[in-house]
Amino acid sequence: MTALPGPVLLLSTGVTGLVVLLLLSVGGAHLARRRREQRDASRRAALTPLVYNLLDGEQTAQSLADAPAVLDDVVLHLLPQLRGNDRQVLRDLLVARGVVDRAAEQLSARAPWRRGRAAMLLGATGSTRHTPDLVTLLEDRSPDVRSAATRALGKAGDVAAVPYLLAALTTFRPVPSGIVGMAVLDLGTPALPALRTALDSGTASARALSASLLGLHGDLPAVAALTAALDDPGAPPHVRRAAAGALGRIGAPQAGDALSRVTVFAVDPALRQAAAEALGRIGDPDCVPALAAGMSASDLRVRTACADALASITPEGRDRLRALGALDGPAAPAARAALDAVSSAAPRSLAGAS
Amino acid sequence: MREFLVDALLTAGWVLTAHVALFHLVTLLLVLAGARRVWRNRHWRGVEGHDETFASPLTPAVSILVPAHDEEAGILDTLSAALGQKYPALEVVLVDDGSTDRTFALVAARYALREVAPRPTADLPVDGEILSVHRATTGDPLLVLRKHSVGRRSDALNAALNHARHPLVCMVDADSLLETEALLQVSRPFVEDPDNVVAAGGVIRAANGALTDRGTMLEPRLSRRWVVRVQVIEYLRSFLLGRTGWADAQALLIISGAFGLFRRDVVLEVGGMDPNSLAEDAELVVTIQEHLRRRRRPHRVVFVPQTVCWTEVPESWQVLGRQRKRWSHGLGQLLWKHRRMIGNPRYGPIGVLALPFFLLFELLGPVVEIVGVAAVVTSMVLGLVEPAIAGAVLVLAIALGVLLSATAIAVEELTYHRYGRGRDLLGLMAAALVEHLWFRWAHSWYRLRGLVAALTRRSPVWTAMPRVGFSGHPASAGRPVPADVLVPAERLVPVGS
């Protein structure tokens with residue numbers, strides 16, 4: 001311990017100096033930030049009416065070409081909230097101010113945040129000119145940049161990007177399925193043919209996602225392919241679950257038989273649950289026997305899902321629930337709870353209250 | 001004998017010095033990793049606006065689970081904040097865990113509860129009997145379970161898990177306020193990467209002293225109490241720097257029980273909350289990661305630093321001491337239970353980085369600090385070490401600690417800057433300086449007592465923290481309670497009997 005004093009004192013002094021410097025910097029940053037916020041707020045207040053004038057046709061994009069950079073923030077904030085001609089006017093303004101060209105150049109910047117921000121900006125402007133560049137970014141080193149490019153492709157509205165987006169699920173540097181899903185949803189119904197193709201011949205991940213998205217779109221032409229996927233015992237469980245969910249969302253009664261079979265006979269409880277929920281959404285009285293059979297399942301999730309599904313089929317399903325609720329056995333509590341949940345009876349008094 | 005004593009004292013001094021140096025080195029690396037991430041996010045967060053998540057049909061529904069025991073001071077504010085979340089589909093499951101105060105009565109009056117048949121969706125073991133189940137008739141998606149308390153938060157959470165219906169579960173303390181977009185922010189990783197993300201946590205901040213109204217944070221302000229201020233610094237350091245760094249290293253060990261979002265199927269798969277753990281939040285995260293790693297299933301535990309949950313922290317030394325002792329006791333239980341993971345590369349960064357760090361610095365740190373300081377003082381008294389040298393080492397240790405706290409304040413100011421008033425910033429700076437003069441030592445003492453409790457295998461005891469509420473006035477978000485709903489729990493009959 002006796003050999004310490006010199007270096008320790010030196011180190012202590014250095015660290016103390018660093019602390020003082022840091023705290024002074026924090027104080028300075030606090031003051032600078034407050035000033036900057038006030039300045040930006042006043043600039044925004046001055047520039048926002050000009051943007052509205054532009055939208056009303058009282059001003060030209062060229063007249064705002066040299067306005068301060070805060071204007072870009074104002075425009076980018078407004079852009080997602082607008083549609084049609086107003087949106088196009090603001091896009092033209094960004095082009096006139098050189099924002100789009102600068103962003104396109106930044107797509108190959110060294111810093112990931114520059115590439116990502118540029119991709120996001122190009123997506124917001126809805127430009128399809130840069131689709132190939134954005135597709136290239138789907139294999140970027142940075143996960144954040146890949147995600148930004150995916151979102152940008154969805155917002156840009158180029159439906160030719162769908163196969164690339166679905167392929168990005170399973171590449172060496174994959175994009176998470178939720179981000180791809182949101183991007184494809186952004187593309188709207190023009191993406192449906194590509195999704196149907198992917199449901200038939202894509203990878204397992206692409207099939208599962210395509211099934212979910214087709215269900216969200218309520219795509220009737222996909223019912224046959226979704227039923228086939230559900231009925232295929234060789235298909236991965238998550239694809240079958242997604243197909244079951246999609247059939248329920250579409251509300252396809254023609255899938256009732258397949259869903260009933262899965263509800264009663266499938267091995268995977270999660271798949272049985274998904275099928276029962278789908279039957280509840282479809283609401284076909286012909287499925288009541290299958291759901292009632294599902295109420296005797298050993299898995300609580302399956303029983304609960306079947307009970308909820310029966311409760312949504314009136315009056316046949318609820319009648320069956322009343323009968324099941326009056327019996328003994330594991331189905332009875334689930335039946336009574338499901339009926340209670342949909343009951344519109346007057347509130348009971350609280351237990352114990354007098 | 002004297003030689004042995006001298007050697008022991010000098011060794012203890014060296015161990016203390018090495019421990020302090022190593023701790024600060026590791027923490028500095030974590031801070032640098034966290035600061036790098038935070039700095040990068042200044043330019044671009046890498047995510048879209050929350051409106052997309054809100055509008056997306058892919059956003060999964062969430063069950064917010066709120067265990068409550070004698071929480072009349074803030075329960076209505078907490079529920080207002082939870083039910084007022086900007087989120088497309090959610091339900092709140094409140095468990096009144098044997099409250100002896102007006103917790104249930106206030107909720108029953110505010111939300112016009114009606115009793116319904118229990119509708120379990122899972123069958124995790126629960127020790128405390130479920131007395132009754134109620135649903136709000138005000139249109140709020142609120143389910144309330146009344147149960148006998150067995151003195152464990154985990155038991156209440158397991159009861160809530162058994163009645164939750166949605167694929168994600170968010171565990172929130174009954175003395176916490178979620179910011180309006182907190183759920184939307186913390187759920188984003190699940191929306192974007194539903195196949196891999198299994199748990200996510202946000203930042204916890206101290207609500208004491210802040211301006212709130214009916215569950216809404218109006219203006220964060222720094223409390224005047226120093227014991228609260230130093231906890232604010234501690235939370236900033238832990239969440240803004242520590243957890244961001246651990247998450248980047250794929251070694252996040254703790255998601256605070258005050259605010260954490262989990263995939264329900266995974267929580268059920270591991271058997272829910274450990275009924276005997278005092279650190280059930282960390283215990284759940286470690287168990288999930290152990291379970292998934294053993295099965296070689298890909299998974300991610302993420303930290304979302306933008307998300308904020310405001311919570312009430314202890315305002316007295318006595319309560320703080322009890323809390324920290326319990327945390328340390330819980331950490332001891334956790335490390336013992338998962339001892340096979342410590343240093344084991346099979347468990348990845350959790351096994352080789354996080355768990356050894358928590359063992360060496362969080363659990364054993366107080367022993368080294370207290371024994372080491374005692375040894376140095378004894379050495380000075382015996383003339384073995386010059387006071388100037390000991391003083392220099394002490395000053396260095398304090399300066400390094402202050403540097404970490406100052407870095408946390410700098411990150412807060414440069415990125416999130418929640419405290420708008422200059423005087424709050426000055427208060428934080430002052431707290432960063434004084435924290436290491438006294439709080440650190442008291443904290444070490446509490447943690448040492450927790451470690452002793454863990455080593456002697458004392459029965460875990462959950463002690464409720466006295467609450468003052470967010471506005472300082474109990475039941476601020478409610479109406480007066482009619483006398484007929486004030487039913488003590490002991491008068492209720494268990495469900496099914």
# chains A, B, ... in the order shown; residues from 1 in each chain; ligands from 1
>>> interface_residues(of="chain B", to="chain A", cutoff="8 Å", atoms="only C-alpha atoms", output="ChimeraX atom specification")
/B:10,13-14,40,43-44,46-47,56-58,113-123,132,190-195,385-386,388-389,392-393,395-396,399-400,402-403,406-407,409-410,413-414,422,425,429,484-487,491-493
>>> residues_around(residues="region 241-245 of chain A", least_positions_apart="5", cutoff="12 Å", atoms="only C-alpha atoms", output="MDAnalysis selection string")
chainID A and resid 199:200 204:216 218 222:233 235:236 250:252 255:263 266 268:282
>>> write_last_selection(atoms="C-alpha atoms", output="CSV table (one decimal), in the first residue's frame")
chain,number,residue,atom,x,y,z
A,199,LEU,CA,-48.5,-18.8,-49.3
A,200,ASP,CA,-48.2,-21.6,-51.9
A,204,ALA,CA,-42.2,-21.4,-43.8
A,205,SER,CA,-41.7,-17.9,-42.4
A,206,ALA,CA,-43.0,-16.3,-45.6
A,207,ARG,CA,-46.0,-18.7,-45.7
A,208,ALA,CA,-46.9,-17.9,-42.1
A,209,LEU,CA,-46.6,-14.2,-42.6
A,210,SER,CA,-48.5,-14.3,-45.9
A,211,ALA,CA,-51.3,-16.3,-44.3
A,212,SER,CA,-51.7,-13.7,-41.5
A,213,LEU,CA,-51.6,-10.8,-43.9
A,214,LEU,CA,-54.2,-12.4,-46.2
A,215,GLY,CA,-56.4,-12.9,-43.2
A,216,LEU,CA,-56.0,-9.2,-42.2
A,218,GLY,CA,-60.0,-10.5,-45.5
A,222,ALA,CA,-57.1,-17.2,-50.6
A,223,VAL,CA,-59.5,-19.4,-48.6
A,224,ALA,CA,-58.8,-22.5,-50.6
A,225,ALA,CA,-55.0,-22.2,-50.2
A,226,LEU,CA,-55.4,-21.3,-46.5
A,227,THR,CA,-57.6,-24.3,-45.9
A,228,ALA,CA,-55.0,-26.5,-47.6
A,229,ALA,CA,-52.3,-25.1,-45.4
A,230,LEU,CA,-54.4,-25.7,-42.3
A,231,ASP,CA,-55.2,-29.3,-43.3
A,232,ASP,CA,-51.6,-30.1,-44.2
A,233,PRO,CA,-50.2,-32.1,-41.3
A,235,ALA,CA,-46.8,-28.0,-42.6
A,236,PRO,CA,-45.0,-26.3,-39.7
A,250,ILE,CA,-61.9,-13.8,-43.3
A,251,GLY,CA,-65.0,-15.4,-41.8
A,252,ALA,CA,-65.0,-18.3,-44.3
A,255,ALA,CA,-63.4,-23.7,-43.9
A,256,GLY,CA,-65.7,-24.8,-41.1
A,257,ASP,CA,-65.0,-28.6,-41.6
A,258,ALA,CA,-61.3,-28.2,-41.7
A,259,LEU,CA,-61.3,-26.0,-38.6
A,260,SER,CA,-63.6,-28.4,-36.8
A,261,ARG,CA,-61.3,-31.3,-37.5
A,262,VAL,CA,-58.3,-29.4,-36.2
A,263,THR,CA,-60.2,-28.2,-33.1
A,266,ALA,CA,-55.0,-31.8,-33.6
A,268,ASP,CA,-50.8,-29.0,-30.7
A,269,PRO,CA,-53.0,-27.2,-28.1
A,270,ALA,CA,-52.1,-23.8,-29.6
A,271,LEU,CA,-53.3,-24.9,-33.0
A,272,ARG,CA,-56.5,-26.3,-31.5
A,273,GLN,CA,-57.0,-23.0,-29.7
A,274,ALA,CA,-56.4,-21.0,-32.9
A,275,ALA,CA,-58.9,-23.2,-34.8
A,276,ALA,CA,-61.5,-22.8,-32.0
A,277,GLU,CA,-61.1,-19.0,-32.0
A,278,ALA,CA,-61.5,-19.0,-35.8
A,279,LEU,CA,-64.7,-21.0,-35.5
A,280,GLY,CA,-66.0,-18.5,-33.0
A,281,ARG,CA,-65.3,-15.6,-35.4
A,282,ILE,CA,-67.0,-17.5,-38.3
>>> select_by_dssp(residues="region 47-184 of chain A", states="helix (DSSP H, G or I)", output="number ranges by chain")
A: 47-55, 62-64, 70-81, 84-96, 99-106, 112-125, 131-137, 143-156, 159-167, 177-184
>>> residues_around(residues="region 445-454 of chain B", least_positions_apart="2", cutoff="7 Å", atoms="only C-alpha atoms", output="count of residues only")
17
>>> closest_residue(among="B:Gly74, B:Phe239, B:Leu22, B:Asp101", to="Asp213 (chain B)", atoms="only C-alpha atoms")
B:Gly74
>>> closest_residue(among="B:Val198, B:Val411, B:Ala108, B:Ile64", to="Gln289 (chain B)", atoms="only C-alpha atoms")
B:Val198
>>> select_by_dssp(residues="region 228-476 of chain B", states="strand (DSSP E or B)", output="short mmCIF file (atom, residue, chain, number, x, y, z; two decimals) with C-alpha atoms, in the first residue's frame")
data_model
loop_
_atom_site.label_atom_id
_atom_site.label_comp_id
_atom_site.auth_asym_id
_atom_site.auth_seq_id
_atom_site.Cartn_x
_atom_site.Cartn_y
_atom_site.Cartn_z
CA PHE B 259 -42.63 -2.24 -15.30
CA GLY B 260 -41.88 -5.18 -17.57
CA LEU B 261 -43.54 -6.72 -20.59
CA PHE B 262 -43.37 -10.47 -21.27
CA ARG B 263 -44.72 -13.00 -23.69
CA ARG B 300 -34.16 -11.62 -27.16
CA VAL B 301 -34.59 -9.69 -23.92
CA VAL B 302 -34.60 -6.00 -24.78
CA PHE B 303 -34.46 -2.70 -23.00
CA VAL B 304 -36.32 0.34 -24.29
CA PRO B 305 -34.71 3.42 -22.73
CA GLN B 306 -37.33 5.84 -24.06
CA THR B 307 -40.10 4.15 -22.09
CA VAL B 308 -40.76 5.56 -18.66
CA CYS B 309 -42.66 4.34 -15.66
CA TRP B 310 -42.77 6.66 -12.65
CA THR B 311 -42.71 4.99 -9.28
#
>>> closest_residue(among="B:Gly372, B:Gly139, B:Pro167, B:Gly215", to="Thr17 (chain B)", atoms="only C-alpha atoms")
B:Gly372
>>> residues_around(residues="Ile233 (chain B)", least_positions_apart="4", cutoff="12 Å", atoms="only C-alpha atoms", output="PyMOL selection string")
chain B and resi 204-206+222-223+226-229+237-241+401-412+424-425+427-436+439-440
>>> write_last_selection(atoms="C-alpha atoms", output="mmCIF file, in the first residue's frame")
data_model
loop_
_atom_site.group_PDB
_atom_site.id
_atom_site.type_symbol
_atom_site.label_atom_id
_atom_site.label_comp_id
_atom_site.auth_asym_id
_atom_site.auth_seq_id
_atom_site.Cartn_x
_atom_site.Cartn_y
_atom_site.Cartn_z
ATOM 1 C CA ILE B 204 -38.083 3.435 -13.932
ATOM 2 C CA ARG B 205 -37.888 6.932 -12.497
ATOM 3 C CA ALA B 206 -38.757 8.325 -9.104
ATOM 4 C CA LEU B 222 -36.924 16.586 -7.985
ATOM 5 C CA SER B 223 -37.935 15.843 -4.416
ATOM 6 C CA TRP B 226 -31.867 13.883 -0.132
ATOM 7 C CA VAL B 227 -32.702 10.231 0.399
ATOM 8 C CA VAL B 228 -34.971 10.492 -2.662
ATOM 9 C CA ARG B 229 -32.511 12.549 -4.693
ATOM 10 C CA ARG B 237 -27.190 5.372 -13.489
ATOM 11 C CA SER B 238 -28.735 1.954 -13.366
ATOM 12 C CA PHE B 239 -31.295 2.379 -16.153
ATOM 13 C CA LEU B 240 -29.824 4.917 -18.582
ATOM 14 C CA LEU B 241 -26.316 3.508 -18.484
ATOM 15 C CA GLY B 401 -18.176 7.018 -8.231
ATOM 16 C CA VAL B 402 -19.063 10.678 -8.762
ATOM 17 C CA LEU B 403 -17.776 10.446 -12.335
ATOM 18 C CA LEU B 404 -20.236 7.632 -13.059
ATOM 19 C CA SER B 405 -23.119 9.580 -11.544
ATOM 20 C CA ALA B 406 -22.120 12.725 -13.455
ATOM 21 C CA THR B 407 -22.064 10.697 -16.685
ATOM 22 C CA ALA B 408 -25.595 9.499 -15.972
ATOM 23 C CA ILE B 409 -26.737 13.092 -15.457
ATOM 24 C CA ALA B 410 -24.986 14.124 -18.678
ATOM 25 C CA VAL B 411 -26.749 11.360 -20.642
ATOM 26 C CA GLU B 412 -30.068 12.367 -19.092
ATOM 27 C CA ASP B 424 -33.628 20.283 -10.429
ATOM 28 C CA LEU B 425 -30.484 19.814 -12.486
ATOM 29 C CA GLY B 427 -30.073 19.333 -7.193
ATOM 30 C CA LEU B 428 -29.093 16.251 -9.183
ATOM 31 C CA MET B 429 -25.500 17.431 -9.437
ATOM 32 C CA ALA B 430 -25.356 18.051 -5.702
ATOM 33 C CA ALA B 431 -26.851 14.621 -5.048
ATOM 34 C CA ALA B 432 -24.210 13.036 -7.284
ATOM 35 C CA LEU B 433 -21.532 14.596 -5.118
ATOM 36 C CA VAL B 434 -22.951 13.752 -1.727
ATOM 37 C CA GLU B 435 -24.203 10.279 -2.654
ATOM 38 C CA HIS B 436 -20.778 8.728 -2.319
ATOM 39 C CA PHE B 439 -25.466 6.886 0.920
ATOM 40 C CA ARG B 440 -23.008 4.420 -0.516
#
>>> atom_distance(atom1="CA of Gly84 (chain B)", atom2="CA of Leu178 (chain B)")
9.0 Å
>>> atom_distance(atom1="CA of Val150 (chain B)", atom2="CA of Ile255 (chain B)")
23.8 Å
>>> atom_distance(atom1="CA of Leu236 (chain B)", atom2="CA of Leu184 (chain B)")
21.8 Å
>>> residues_around(residues="region 154-166 of chain A", least_positions_apart="2", cutoff="6 Å", atoms="only C-alpha atoms", output="ChimeraX atom specification")
/A:123,126-128,151-152,168-169,183-184,186-187,191,206
>>> closest_residue(among="B:Arg36, B:Arg188, B:Arg135, B:Arg297", to="Thr415 (chain B)", atoms="only C-alpha atoms")
B:Arg36
